[in-house]
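Beneath this line is the structure, given in structure tokens, with notes to follow.
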Amino acid sequence: MTIRMASCQELSDDKKALVELANHYWTIEQCVTPISLLLPWFPSPKQKTKEKATTALYGLLLSFVKL
């Protein structure tokens, strides 16, 4: 019995979704600053941008998992 995770194939075939995934990932990476590491509770503009990108990334991946 072979179990295959279908969402990986669909995601890798969808070029638009891959570009969107990469953009969200790099947005999250660019929002990490020394201030955000020392004061993670501080509501800076970068922190809010990071939260939006994380939510969008989660939603994108969730849509492929549900598929």
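Identifiers in this document derive from the order of the structure tokens: chains are assigned A, B, ..., residues are numbered from 1 separately in each chain, and ligands are numbered from 1 in order of occurrence.
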
key: Selection: 12 Å around Cys8 of chain A, only C-alpha atoms, excl. self and same-chain fewer than 2 positions, as a count of residues only   = 17

inquiry  = Give me, as a list in words, all polymer residues having an atom no more than 10 Å from Leu21 of chain A, counting only C-alpha atoms and skipping those fewer than 6 positions away in the same chain.
reply    = Leu11, Lys15, Thr27, Ala53, Ala56, Leu57, Tyr58, Leu60 and Leu61 of chain A

Output of the above residues as a CSV table (one decimal), in the first residue's frame, restricted to C-alpha atoms:
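Heads up, here's the output in out_18.csv:
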```csv
chain,number,residue,atom,x,y,z
A,11,LEU,CA,2.1,22.7,-5.5
A,15,LYS,CA,4.2,28.1,-11.0
A,27,THR,CA,8.9,38.8,3.2
A,53,ALA,CA,2.9,37.2,5.3
A,56,ALA,CA,-0.9,34.3,3.7
A,57,LEU,CA,1.7,31.6,3.6
A,58,TYR,CA,-0.3,29.4,5.9
A,60,LEU,CA,-1.6,29.1,0.6
A,61,LEU,CA,-0.2,25.8,2.0
```

request  = Mind the document's chain letters and residue numbers, and return as a PyMOL selection string the residues of chain A that DSSP labels helix (DSSP H, G or I).
outcome  = chain A and resi 6-13+15-30+34-38+45-66

inquiry  = One number please: atom CA of Glu29 of chain A to atom CA of Pro43 of chain A, in Å, one decimal.
reply    =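 Computing it gives 17.0 Å between the two atoms.
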
request  = Rank A:Thr55, A:Lys48, A:Gln9, A:Pro40 by their smallest atom-to-atom distance to Tyr25 of chain A, using only C-alpha atoms, and report the top residue only.
outcome  = A:Thr55

inquiry  = Between atom CA of Trp26 of chain A and atom CA of Thr49 of chain A, what distance in Å does the model show, to one decimal?
reply    = 11.5 Å

One-decimal distance in Å that lies between atom CA of Gly59 of chain A and atom CA of Lys46 of chain A =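 So the two atoms, atom CA of Lys46 of chain A and atom CA of Gly59 of chain A, lie 19.8 Å apart.
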
task = Do a neighbour search on Ser44 of chain A at 10 Å with only C-alpha atoms, toss out local chain neighbours closer than 6 positions, and write the hits as a list in words.
result =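 The residues satisfying every condition are Cys31, Ile35, Ser36 and Lys50 of chain A.
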